[in-house]
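Colleague: This is the structure I have questions about; it appears just below.
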Amino acid sequence: MKIKIERLNTQKNPQQFKQEYEVSSQRLLDALNEIKTTQDNTLTYRCGCGSGVCGSCAVQVNGVERLSCKTYINEGDVVSAIKRSEVIRDLVVNLEHQEKVLKTSHAYLEAYQEETITPQDEKLIDVQSNCILCQSCYSSCPVYEVNPDFLGPYALTRVLRYVNDKKEHQSRSKIDAIQSNGVWDCTLCGNCTMVCPQFIDPKTDIMNLRSKSVQAGYSDPNMNNMDFDSGFNTDFGFNPNGF
Ligand code: SF4
Ligand code: SF4
Ligand code: FES
């Protein structure tokens, strides 16, 4: 089967180009390893666990974010690096964004307090704790086209995970940290939810964070920019009293 890989090696050529390879492996990560070991050892990509838990192998297949270790390829597939990050070489991107958004959004345990944890408490943070920081949701999010400072889906999902964690004594600072370039900037398009290999739903997590923000006294800043006066004369020229 033939697949095409979008490649970049700035030392040789500043432009990306597509290269076609014939492979016998069906799983994408195996196909990349096959190319690297038998055809072209300059091909560059990331992988770690090989089983969907380290998050390092995210790429795009025909423009859709996928983990290469969990993806089976078809004839003619085009494989490229994930979007929104600078491509360092071939399928490898710069991951600096990750540290920046997790720090800015306080998406970590800030003030630990001893607590008795029940199975219900565990359930509350279980799904979000499964995030493997693969960046697929980040790659799929359209908001970055207009706002590169958007905190984005996985950072906000992690914020909800720590806000809902009984052991976190300082959840208020997280809610404060996600008001700017955060919960209100999401368009609720759902792309992030569609591509998450861990079946996390960042869109719903963001909606939950919006309601927690309102409970904390914040409101949607976009509402202040809306013009509720439609320009129509509200009586539409009609006098209900007949005079
Ligand atoms: S739902 Fe929000 S965070 Fe998710 S991809 Fe769409 S705009 Fe981005
Ligand atoms: S939320 Fe899902 S898609 Fe986004 S980084 Fe975490 S595991 Fe990957
Ligand atoms: S290699 Fe670890 S998730 Fe794919």
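By order of appearance in the structure tokens: chains A, B, ..., then residues from 1 within every chain, and ligands from 1 in the order shown.
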If DSSP is run on the backbone, what residues of segment 37-188 of chain A are helix (DSSP H, G or I)? A reply as a VMD selection string would be ideal.
Modeller: chain A and resid 37 to 38 68 to 70 96 to 104 119 to 129 136 to 140 142 to 145 153 to 163 171 to 177 183 to 185
Colleague: Go through chain A residue by residue and, counting only C-alpha atoms and all ligand atoms, keep those with an atom at most 8 Å from ligand 1; for each kept residue give the shortest atom pair and its distance in Å to one decimal, ordered by chain and increasing number, as a tab-separated table.
Modeller:
residue	atom	partner	partner_atom_place_in_ligand_line	distance
A:Cys137	CA	ligand 1	5 (S)	6.3
A:Tyr138	CA	ligand 1	5 (S)	7.1
A:Ser140	CA	ligand 1	5 (S)	5.8
A:Cys141	CA	ligand 1	5 (S)	3.6
A:Pro142	CA	ligand 1	7 (S)	5.9
A:Val143	CA	ligand 1	7 (S)	5.4
A:Tyr144	CA	ligand 1	8 (Fe)	7.9
A:Gly152	CA	ligand 1	3 (S)	5.2
A:Pro153	CA	ligand 1	3 (S)	4.2
A:Tyr154	CA	ligand 1	3 (S)	8.0
A:Asp185	CA	ligand 1	7 (S)	7.3
A:Cys186	CA	ligand 1	2 (Fe)	3.9
A:Thr187	CA	ligand 1	7 (S)	4.2
A:Leu188	CA	ligand 1	1 (S)	3.7
A:Cys189	CA	ligand 1	6 (Fe)	3.9
A:Gly190	CA	ligand 1	1 (S)	3.9
A:Asn191	CA	ligand 1	5 (S)	4.3
A:Cys192	CA	ligand 1	5 (S)	4.2
A:Thr193	CA	ligand 1	4 (Fe)	6.5
A:Pro202	CA	ligand 1	4 (Fe)	6.0
A:Lys203	CA	ligand 1	1 (S)	4.4
A:Ile206	CA	ligand 1	3 (S)	7.4
Colleague: May I have the selected residues written with all heavy atoms, as a compact mmCIF listing (two decimals), in the first residue's frame?
Modeller:
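Contents of the output file selection_3.txt:
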# COMPACT_ATOMS: atom_id res chain seq x y z
N CYS A 137 -6.35 17.80 20.42
CA CYS A 137 -7.43 18.79 20.54
C CYS A 137 -6.92 20.19 20.21
O CYS A 137 -7.60 20.98 19.54
CB CYS A 137 -8.05 18.73 21.93
SG CYS A 137 -6.86 18.89 23.28
N TYR A 138 -5.73 20.49 20.66
CA TYR A 138 -5.10 21.78 20.38
C TYR A 138 -4.97 21.97 18.87
O TYR A 138 -5.29 23.03 18.32
CB TYR A 138 -3.74 21.78 21.09
CG TYR A 138 -2.76 22.84 20.71
CD1 TYR A 138 -3.11 24.19 20.69
CD2 TYR A 138 -1.43 22.51 20.42
CE1 TYR A 138 -2.18 25.16 20.37
CE2 TYR A 138 -0.50 23.47 20.11
CZ TYR A 138 -0.87 24.80 20.07
OH TYR A 138 0.05 25.75 19.76
N SER A 140 -6.74 20.70 16.57
CA SER A 140 -8.03 20.78 15.86
C SER A 140 -8.80 22.06 16.15
O SER A 140 -9.82 22.32 15.52
CB SER A 140 -8.90 19.59 16.26
OG SER A 140 -9.44 19.81 17.57
N CYS A 141 -8.34 22.86 17.10
CA CYS A 141 -9.15 23.98 17.61
C CYS A 141 -9.03 25.22 16.70
O CYS A 141 -7.94 25.75 16.51
CB CYS A 141 -8.71 24.33 19.03
SG CYS A 141 -9.61 25.75 19.68
N PRO A 142 -10.15 25.70 16.17
CA PRO A 142 -10.10 26.83 15.23
C PRO A 142 -9.79 28.18 15.89
O PRO A 142 -9.40 29.12 15.22
CB PRO A 142 -11.51 26.85 14.62
CG PRO A 142 -12.38 26.22 15.65
CD PRO A 142 -11.53 25.21 16.36
N VAL A 143 -9.96 28.26 17.21
CA VAL A 143 -9.77 29.56 17.88
C VAL A 143 -8.33 30.07 17.71
O VAL A 143 -8.09 31.27 17.62
CB VAL A 143 -10.15 29.46 19.38
CG1 VAL A 143 -9.78 30.71 20.14
CG2 VAL A 143 -11.64 29.18 19.51
N TYR A 144 -7.38 29.13 17.62
CA TYR A 144 -5.96 29.55 17.50
C TYR A 144 -5.67 30.32 16.23
O TYR A 144 -4.68 31.02 16.15
CB TYR A 144 -5.04 28.32 17.62
CG TYR A 144 -5.02 27.78 19.02
CD1 TYR A 144 -5.71 26.62 19.32
CD2 TYR A 144 -4.35 28.45 20.03
CE1 TYR A 144 -5.72 26.14 20.62
CE2 TYR A 144 -4.36 27.96 21.33
CZ TYR A 144 -5.05 26.81 21.61
OH TYR A 144 -5.08 26.33 22.89
N GLY A 152 -7.05 27.02 25.57
CA GLY A 152 -7.32 25.83 24.77
C GLY A 152 -7.87 24.63 25.50
O GLY A 152 -7.94 24.58 26.73
N PRO A 153 -8.31 23.63 24.72
CA PRO A 153 -9.08 22.52 25.27
C PRO A 153 -8.40 21.69 26.35
O PRO A 153 -8.97 21.46 27.41
CB PRO A 153 -9.42 21.67 24.05
CG PRO A 153 -8.53 22.15 22.95
CD PRO A 153 -8.17 23.57 23.26
N TYR A 154 -7.18 21.20 26.12
CA TYR A 154 -6.64 20.28 27.13
C TYR A 154 -6.27 21.01 28.42
O TYR A 154 -6.41 20.46 29.51
CB TYR A 154 -5.48 19.43 26.61
CG TYR A 154 -4.21 20.15 26.27
CD1 TYR A 154 -3.30 20.49 27.25
CD2 TYR A 154 -3.93 20.50 24.97
CE1 TYR A 154 -2.12 21.15 26.92
CE2 TYR A 154 -2.76 21.15 24.64
CZ TYR A 154 -1.86 21.48 25.62
OH TYR A 154 -0.71 22.15 25.29
N ASP A 185 -13.62 32.29 25.31
CA ASP A 185 -13.12 32.39 23.93
C ASP A 185 -13.45 31.16 23.09
O ASP A 185 -13.30 31.17 21.88
CB ASP A 185 -11.59 32.60 23.93
CG ASP A 185 -11.22 33.96 24.47
OD1 ASP A 185 -11.64 34.29 25.59
OD2 ASP A 185 -10.50 34.70 23.77
N CYS A 186 -13.85 30.09 23.75
CA CYS A 186 -14.19 28.85 23.03
C CYS A 186 -15.48 29.07 22.24
O CYS A 186 -16.43 29.67 22.73
CB CYS A 186 -14.38 27.74 24.06
SG CYS A 186 -15.16 26.25 23.43
N THR A 187 -15.51 28.56 21.00
CA THR A 187 -16.72 28.71 20.17
C THR A 187 -17.69 27.53 20.34
O THR A 187 -18.71 27.47 19.67
CB THR A 187 -16.35 28.80 18.68
OG1 THR A 187 -15.73 27.57 18.29
CG2 THR A 187 -15.39 29.96 18.40
N LEU A 188 -17.33 26.58 21.17
CA LEU A 188 -18.13 25.37 21.42
C LEU A 188 -18.37 24.57 20.13
O LEU A 188 -19.41 23.96 19.94
CB LEU A 188 -19.47 25.72 22.09
CG LEU A 188 -19.38 26.51 23.42
CD1 LEU A 188 -20.77 26.81 23.95
CD2 LEU A 188 -18.57 25.75 24.45
N CYS A 189 -17.36 24.57 19.24
CA CYS A 189 -17.51 23.86 17.96
C CYS A 189 -17.46 22.34 18.14
O CYS A 189 -17.97 21.60 17.30
CB CYS A 189 -16.43 24.30 16.97
SG CYS A 189 -14.77 23.72 17.43
N GLY A 190 -16.79 21.86 19.19
CA GLY A 190 -16.73 20.42 19.44
C GLY A 190 -15.63 19.67 18.71
O GLY A 190 -15.53 18.44 18.84
N ASN A 191 -14.79 20.35 17.94
CA ASN A 191 -13.69 19.66 17.25
C ASN A 191 -12.82 18.88 18.22
O ASN A 191 -12.40 17.75 17.95
CB ASN A 191 -12.77 20.66 16.52
CG ASN A 191 -13.39 21.20 15.26
OD1 ASN A 191 -14.54 20.92 14.98
ND2 ASN A 191 -12.63 21.98 14.52
N CYS A 192 -12.51 19.49 19.36
CA CYS A 192 -11.62 18.87 20.35
C CYS A 192 -12.19 17.55 20.84
O CYS A 192 -11.49 16.55 20.96
CB CYS A 192 -11.41 19.83 21.53
SG CYS A 192 -12.92 20.53 22.19
N THR A 193 -13.49 17.53 21.07
CA THR A 193 -14.16 16.33 21.56
C THR A 193 -14.11 15.22 20.51
O THR A 193 -13.88 14.05 20.82
CB THR A 193 -15.62 16.67 21.91
OG1 THR A 193 -15.59 17.70 22.91
CG2 THR A 193 -16.40 15.48 22.42
N PRO A 202 -13.59 17.91 26.03
CA PRO A 202 -13.19 19.24 26.51
C PRO A 202 -14.27 20.29 26.32
O PRO A 202 -14.40 21.20 27.14
CB PRO A 202 -11.96 19.57 25.64
CG PRO A 202 -11.44 18.25 25.19
CD PRO A 202 -12.64 17.37 25.03
N LYS A 203 -15.08 20.15 25.28
CA LYS A 203 -16.14 21.15 25.06
C LYS A 203 -17.09 21.19 26.26
O LYS A 203 -17.41 22.27 26.78
CB LYS A 203 -16.92 20.80 23.78
CG LYS A 203 -18.10 21.70 23.54
CD LYS A 203 -18.92 21.20 22.38
CE LYS A 203 -20.34 21.73 22.48
NZ LYS A 203 -21.21 21.20 21.45
N ILE A 206 -15.44 22.71 29.25
CA ILE A 206 -15.39 24.17 29.17
C ILE A 206 -16.75 24.76 29.56
O ILE A 206 -16.84 25.76 30.28
CB ILE A 206 -14.95 24.61 27.75
CG1 ILE A 206 -13.47 24.24 27.54
CG2 ILE A 206 -15.17 26.10 27.54
CD1 ILE A 206 -12.98 24.33 26.12
Colleague: How would you write, as a list in words, the set of residues no farther than 7 Å from ligand 2 when counting only C-alpha atoms and all ligand atoms?
Modeller: Gly55, Asn130, Cys131, Ile132, Leu133, Cys134, Gln135, Ser136, Cys137, Tyr138, Pro153, Tyr154, Thr157, Cys192, Val195, Cys196, Pro197, Gln198, Phe199, Ile200 and Pro202 of chain A
Colleague: I'd like a table as JSON lines: residues in chain A with an atom no more than 9 Å from ligand 3, each row giving the shortest atom pair and its distance in Å to one decimal, only C-alpha atoms and all ligand atoms counted, sorted by chain and rising residue number.
Modeller:
{"residue": "A:Leu29", "atom": "CA", "partner": "ligand 3", "partner_atom_place_in_ligand_line": "1 (S)", "distance": 7.8}
{"residue": "A:Arg46", "atom": "CA", "partner": "ligand 3", "partner_atom_place_in_ligand_line": "1 (S)", "distance": 7.4}
{"residue": "A:Cys47", "atom": "CA", "partner": "ligand 3", "partner_atom_place_in_ligand_line": "1 (S)", "distance": 4.0}
{"residue": "A:Gly48", "atom": "CA", "partner": "ligand 3", "partner_atom_place_in_ligand_line": "1 (S)", "distance": 4.2}
{"residue": "A:Cys49", "atom": "CA", "partner": "ligand 3", "partner_atom_place_in_ligand_line": "2 (Fe)", "distance": 3.9}
{"residue": "A:Gly50", "atom": "CA", "partner": "ligand 3", "partner_atom_place_in_ligand_line": "1 (S)", "distance": 3.7}
{"residue": "A:Ser51", "atom": "CA", "partner": "ligand 3", "partner_atom_place_in_ligand_line": "2 (Fe)", "distance": 5.5}
{"residue": "A:Gly52", "atom": "CA", "partner": "ligand 3", "partner_atom_place_in_ligand_line": "3 (S)", "distance": 3.4}
{"residue": "A:Val53", "atom": "CA", "partner": "ligand 3", "partner_atom_place_in_ligand_line": "3 (S)", "distance": 4.5}
{"residue": "A:Cys54", "atom": "CA", "partner": "ligand 3", "partner_atom_place_in_ligand_line": "2 (Fe)", "distance": 3.8}
{"residue": "A:Gly55", "atom": "CA", "partner": "ligand 3", "partner_atom_place_in_ligand_line": "3 (S)", "distance": 3.9}
{"residue": "A:Ser56", "atom": "CA", "partner": "ligand 3", "partner_atom_place_in_ligand_line": "2 (Fe)", "distance": 5.2}
{"residue": "A:Cys57", "atom": "CA", "partner": "ligand 3", "partner_atom_place_in_ligand_line": "4 (Fe)", "distance": 4.5}
{"residue": "A:Ala58", "atom": "CA", "partner": "ligand 3", "partner_atom_place_in_ligand_line": "4 (Fe)", "distance": 6.8}
{"residue": "A:Leu67", "atom": "CA", "partner": "ligand 3", "partner_atom_place_in_ligand_line": "4 (Fe)", "distance": 5.4}
{"residue": "A:Ser68", "atom": "CA", "partner": "ligand 3", "partner_atom_place_in_ligand_line": "4 (Fe)", "distance": 5.8}
{"residue": "A:Cys69", "atom": "CA", "partner": "ligand 3", "partner_atom_place_in_ligand_line": "4 (Fe)", "distance": 4.4}
{"residue": "A:Lys70", "atom": "CA", "partner": "ligand 3", "partner_atom_place_in_ligand_line": "4 (Fe)", "distance": 6.7}
{"residue": "A:Ile132", "atom": "CA", "partner": "ligand 3", "partner_atom_place_in_ligand_line": "3 (S)", "distance": 7.7}
{"residue": "A:Cys134", "atom": "CA", "partner": "ligand 3", "partner_atom_place_in_ligand_line": "3 (S)", "distance": 7.4}
Colleague: Take the residues from that selection and put them in a file with N, CA and C atoms, as an mmCIF file, in the first residue's frame.
Modeller:
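Below you can see out_35.cif, which holds the result:
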data_model
loop_
_atom_site.group_PDB
_atom_site.id
_atom_site.type_symbol
_atom_site.label_atom_id
_atom_site.label_comp_id
_atom_site.auth_asym_id
_atom_site.auth_seq_id
_atom_site.Cartn_x
_atom_site.Cartn_y
_atom_site.Cartn_z
ATOM 1 N N LEU A 29 2.089 3.523 12.995
ATOM 2 C CA LEU A 29 3.401 3.572 13.659
ATOM 3 C C LEU A 29 4.329 2.487 13.097
ATOM 4 N N ARG A 46 7.786 11.135 16.239
ATOM 5 C CA ARG A 46 7.889 10.830 17.672
ATOM 6 C C ARG A 46 7.057 9.613 18.018
ATOM 7 N N CYS A 47 7.527 8.837 18.963
ATOM 8 C CA CYS A 47 6.700 7.780 19.547
ATOM 9 C C CYS A 47 7.344 7.384 20.863
ATOM 10 N N GLY A 48 6.535 6.810 21.746
ATOM 11 C CA GLY A 48 7.074 6.385 23.034
ATOM 12 C C GLY A 48 6.545 5.017 23.374
ATOM 13 N N CYS A 49 5.331 4.991 23.936
ATOM 14 C CA CYS A 49 4.781 3.744 24.477
ATOM 15 C C CYS A 49 4.358 2.748 23.408
ATOM 16 N N GLY A 50 3.919 3.242 22.269
ATOM 17 C CA GLY A 50 3.411 2.356 21.218
ATOM 18 C C GLY A 50 2.040 1.789 21.525
ATOM 19 N N SER A 51 1.428 2.264 22.598
ATOM 20 C CA SER A 51 0.123 1.687 22.958
ATOM 21 C C SER A 51 -0.883 2.729 23.452
ATOM 22 N N GLY A 52 -0.767 3.951 22.987
ATOM 23 C CA GLY A 52 -1.816 4.940 23.239
ATOM 24 C C GLY A 52 -1.813 5.582 24.606
ATOM 25 N N VAL A 53 -0.712 5.512 25.333
ATOM 26 C CA VAL A 53 -0.739 6.128 26.672
ATOM 27 C C VAL A 53 0.274 7.260 26.892
ATOM 28 N N CYS A 54 1.223 7.444 25.992
ATOM 29 C CA CYS A 54 2.205 8.512 26.249
ATOM 30 C C CYS A 54 1.860 9.807 25.522
ATOM 31 N N GLY A 55 1.046 9.731 24.478
ATOM 32 C CA GLY A 55 0.588 10.937 23.780
ATOM 33 C C GLY A 55 1.608 11.552 22.834
ATOM 34 N N SER A 56 2.738 10.895 22.615
ATOM 35 C CA SER A 56 3.798 11.547 21.841
ATOM 36 C C SER A 56 3.650 11.397 20.323
ATOM 37 N N CYS A 57 2.788 10.504 19.868
ATOM 38 C CA CYS A 57 2.814 10.158 18.439
ATOM 39 C C CYS A 57 1.684 10.798 17.635
ATOM 40 N N ALA A 58 1.061 11.859 18.173
ATOM 41 C CA ALA A 58 -0.064 12.468 17.452
ATOM 42 C C ALA A 58 0.396 13.071 16.126
ATOM 43 N N LEU A 67 -3.572 9.272 16.739
ATOM 44 C CA LEU A 67 -2.334 8.725 17.298
ATOM 45 C C LEU A 67 -1.811 7.693 16.321
ATOM 46 N N SER A 68 -0.535 7.794 15.943
ATOM 47 C CA SER A 68 -0.051 6.853 14.921
ATOM 48 C C SER A 68 -0.025 5.424 15.447
ATOM 49 N N CYS A 69 0.095 5.247 16.770
ATOM 50 C CA CYS A 69 0.129 3.884 17.303
ATOM 51 C C CYS A 69 -1.259 3.261 17.421
ATOM 52 N N LYS A 70 -2.313 4.060 17.196
ATOM 53 C CA LYS A 70 -3.663 3.505 17.298
ATOM 54 C C LYS A 70 -4.437 3.640 15.981
ATOM 55 N N ILE A 132 -3.671 12.518 27.942
ATOM 56 C CA ILE A 132 -2.271 12.131 27.731
ATOM 57 C C ILE A 132 -1.474 13.258 27.064
ATOM 58 N N CYS A 134 -1.673 14.740 24.298
ATOM 59 C CA CYS A 134 -1.216 14.404 22.943
ATOM 60 C C CYS A 134 -1.278 15.591 21.997
#
Colleague: Mind giving me the straight-line distance from atom CA of Val159 of chain A to atom CA of Ala81 of chain A in Å, one decimal?
Modeller: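 The value is 26.6 Å.
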Colleague: Please identify all polymer residues within 8 Å of segment 171-183 of chain A, counting only C-alpha atoms, omitting same-chain residues fewer than 5 positions from it, and present them as a PDB file with N, CA and C atoms, in the first residue's frame.
Modeller:
ATOM      1  N   THR A 104      -0.086  28.972  32.762  1.00  0.00           N
ATOM      2  CA  THR A 104      -0.955  30.158  32.761  1.00  0.00           C
ATOM      3  C   THR A 104      -2.329  29.838  33.339  1.00  0.00           C
ATOM      4  N   SER A 105      -2.831  28.645  33.052  1.00  0.00           N
ATOM      5  CA  SER A 105      -4.186  28.317  33.522  1.00  0.00           C
ATOM      6  C   SER A 105      -4.180  27.675  34.917  1.00  0.00           C
ATOM      7  N   HIS A 106      -3.022  27.545  35.540  1.00  0.00           N
ATOM      8  CA  HIS A 106      -2.895  26.906  36.866  1.00  0.00           C
ATOM      9  C   HIS A 106      -3.470  25.484  36.827  1.00  0.00           C
ATOM     10  N   ALA A 107      -3.187  24.766  35.750  1.00  0.00           N
ATOM     11  CA  ALA A 107      -3.758  23.424  35.588  1.00  0.00           C
ATOM     12  C   ALA A 107      -2.918  22.374  36.314  1.00  0.00           C
ATOM     13  N   ASN A 147      -6.636  33.676  17.796  1.00  0.00           N
ATOM     14  CA  ASN A 147      -6.070  34.013  19.104  1.00  0.00           C
ATOM     15  C   ASN A 147      -5.037  32.972  19.549  1.00  0.00           C
ATOM     16  N   ASP A 149      -3.109  33.077  21.911  1.00  0.00           N
ATOM     17  CA  ASP A 149      -2.973  33.018  23.371  1.00  0.00           C
ATOM     18  C   ASP A 149      -4.105  32.241  24.042  1.00  0.00           C
ATOM     19  N   PHE A 150      -5.018  31.693  23.260  1.00  0.00           N
ATOM     20  CA  PHE A 150      -6.131  30.917  23.832  1.00  0.00           C
ATOM     21  C   PHE A 150      -5.559  29.770  24.673  1.00  0.00           C
ATOM     22  N   LEU A 151      -6.091  29.595  25.872  1.00  0.00           N
ATOM     23  CA  LEU A 151      -5.571  28.525  26.743  1.00  0.00           C
ATOM     24  C   LEU A 151      -5.875  27.144  26.157  1.00  0.00           C
ATOM     25  N   GLY A 152      -7.053  27.017  25.574  1.00  0.00           N
ATOM     26  CA  GLY A 152      -7.318  25.827  24.766  1.00  0.00           C
ATOM     27  C   GLY A 152      -7.866  24.627  25.504  1.00  0.00           C
ATOM     28  N   LEU A 156      -7.867  23.570  29.656  1.00  0.00           N
ATOM     29  CA  LEU A 156      -9.113  23.832  30.375  1.00  0.00           C
ATOM     30  C   LEU A 156      -9.692  22.542  30.963  1.00  0.00           C
ATOM     31  N   VAL A 159      -7.856  22.026  34.042  1.00  0.00           N
ATOM     32  CA  VAL A 159      -8.312  22.943  35.091  1.00  0.00           C
ATOM     33  C   VAL A 159      -9.539  22.355  35.783  1.00  0.00           C
ATOM     34  N   TYR A 162      -8.686  19.690  38.261  1.00  0.00           N
ATOM     35  CA  TYR A 162      -8.161  20.134  39.563  1.00  0.00           C
ATOM     36  C   TYR A 162      -9.187  20.942  40.359  1.00  0.00           C
ATOM     37  N   VAL A 163     -10.075  21.652  39.659  1.00  0.00           N
ATOM     38  CA  VAL A 163     -11.145  22.364  40.363  1.00  0.00           C
ATOM     39  C   VAL A 163     -12.051  21.347  41.076  1.00  0.00           C
ATOM     40  N   ILE A 206     -15.437  22.706  29.253  1.00  0.00           N
ATOM     41  CA  ILE A 206     -15.392  24.172  29.174  1.00  0.00           C
ATOM     42  C   ILE A 206     -16.750  24.757  29.563  1.00  0.00           C
ATOM     43  N   MET A 207     -17.826  24.102  29.129  1.00  0.00           N
ATOM     44  CA  MET A 207     -19.159  24.591  29.527  1.00  0.00           C
ATOM     45  C   MET A 207     -19.324  24.493  31.048  1.00  0.00           C
ATOM     46  N   LEU A 209     -16.919  24.720  33.194  1.00  0.00           N
ATOM     47  CA  LEU A 209     -16.089  25.785  33.770  1.00  0.00           C
ATOM     48  C   LEU A 209     -16.769  27.146  33.621  1.00  0.00           C
ATOM     49  N   ARG A 210     -17.531  27.326  32.548  1.00  0.00           N
ATOM     50  CA  ARG A 210     -18.280  28.583  32.401  1.00  0.00           C
ATOM     51  C   ARG A 210     -19.284  28.718  33.538  1.00  0.00           C
ATOM     52  N   LYS A 212     -19.141  27.312  36.453  1.00  0.00           N
ATOM     53  CA  LYS A 212     -18.420  27.547  37.718  1.00  0.00           C
ATOM     54  C   LYS A 212     -17.917  28.997  37.777  1.00  0.00           C
ATOM     55  N   SER A 213     -17.574  29.554  36.627  1.00  0.00           N
ATOM     56  CA  SER A 213     -17.121  30.947  36.585  1.00  0.00           C
ATOM     57  C   SER A 213     -18.260  31.892  36.971  1.00  0.00           C
ATOM     58  N   ALA A 216     -18.813  31.903  40.492  1.00  0.00           N
ATOM     59  CA  ALA A 216     -17.748  32.643  41.194  1.00  0.00           C
ATOM     60  C   ALA A 216     -17.879  34.154  40.968  1.00  0.00           C
TER      61      ALA A 216
END
Colleague: Just the residues within 12 Å of Asp77 of chain A, please, counting only C-alpha atoms, with nothing from its chain fewer than 6 positions along; format it as a ChimeraX atom specification.
Modeller: /A:1-6,18-23,26,28,31,60-64,71
Colleague: Give the answer as one residue: which of A:Ser25, A:Thr118, A:Asn9, A:Gln16 has the shortest atom-to-atom distance to Thr42 of chain A, using only C-alpha atoms?
Modeller: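 For Thr42 of chain A, the nearest of the given residues is A:Asn9.
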Colleague: Could you check which of A:Lys12, A:Trp184, A:Ser219, A:Ser129 is closest to Asp201 of chain A, using only C-alpha atoms?
Modeller: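 Among the listed residues, the smallest separation from Asp201 of chain A belongs to A:Ser129.
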Colleague: Could you write out, as a PyMOL selection string, all the residues of segment 64-243 of chain A that DSSP marks as strand (DSSP E or B)?
Modeller: chain A and resi 64-67+72+78-80+87-89+92-93+112+168
Colleague: In Å, rounded to a single decimal, give me how far atom CA of Asn164 of chain A is from atom CA of Ser139 of chain A.
Modeller: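 Taking atom CA of Ser139 of chain A and atom CA of Asn164 of chain A, their separation equals 25.9 Å.
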Colleague: So that I can check the surroundings of Val59 of chain A, please list as a PDB file with C-alpha atoms, in the first residue's frame every protein, DNA and RNA residue that reaches within 6 Å of it, counting only C-alpha atoms and ignoring chain neighbours fewer than 2 positions away.
Modeller:
ATOM      1  CA  GLU A  65      -5.698  14.238  14.301  1.00  0.00           C
ATOM      2  CA  ARG A  66      -4.806  10.635  15.143  1.00  0.00           C
ATOM      3  CA  SER A  80       1.314  15.232   8.256  1.00  0.00           C
ATOM      4  CA  ALA A  81       2.362  16.925  11.488  1.00  0.00           C
ATOM      5  CA  ILE A  82      -0.290  18.258  13.856  1.00  0.00           C
TER       6      ILE A  82
END
Colleague: When you count only C-alpha atoms, which of these residues is closest to Glu168 of chain A: A:Leu109, A:Val146, A:Thr44, A:Arg7?
Modeller: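 Among the listed residues, the smallest separation from Glu168 of chain A belongs to A:Leu109.
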Colleague: Work out how far atom CA of Gly217 of chain A is from atom CA of Asp121 of chain A, in Å to one decimal.
Modeller: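 Computed distance, atom CA of Asp121 of chain A to atom CA of Gly217 of chain A, equals 24.9 Å.
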Colleague: Give the answer as one residue: which of A:Leu8, A:Met194, A:Ala155, A:Ile35 has the shortest atom-to-atom distance to Tyr108 of chain A, using only C-alpha atoms?
Modeller: A:Ala155
Colleague: Using only C-alpha atoms, which of A:Leu32, A:Asn222, A:Tyr72, A:Val101 sits nearest Pro148 of chain A?
Modeller: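 Selected residue with least distance to Pro148 of chain A: A:Val101.
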Colleague: For each of A:Asp220, A:Asp90, A:Glu34, A:Glu75, take the minimum atom-to-atom distance to Gln15 of chain A, counting only C-alpha atoms, then give the residue where this is smallest.
Modeller: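 For Gln15 of chain A, the nearest of the candidates is A:Asp90.
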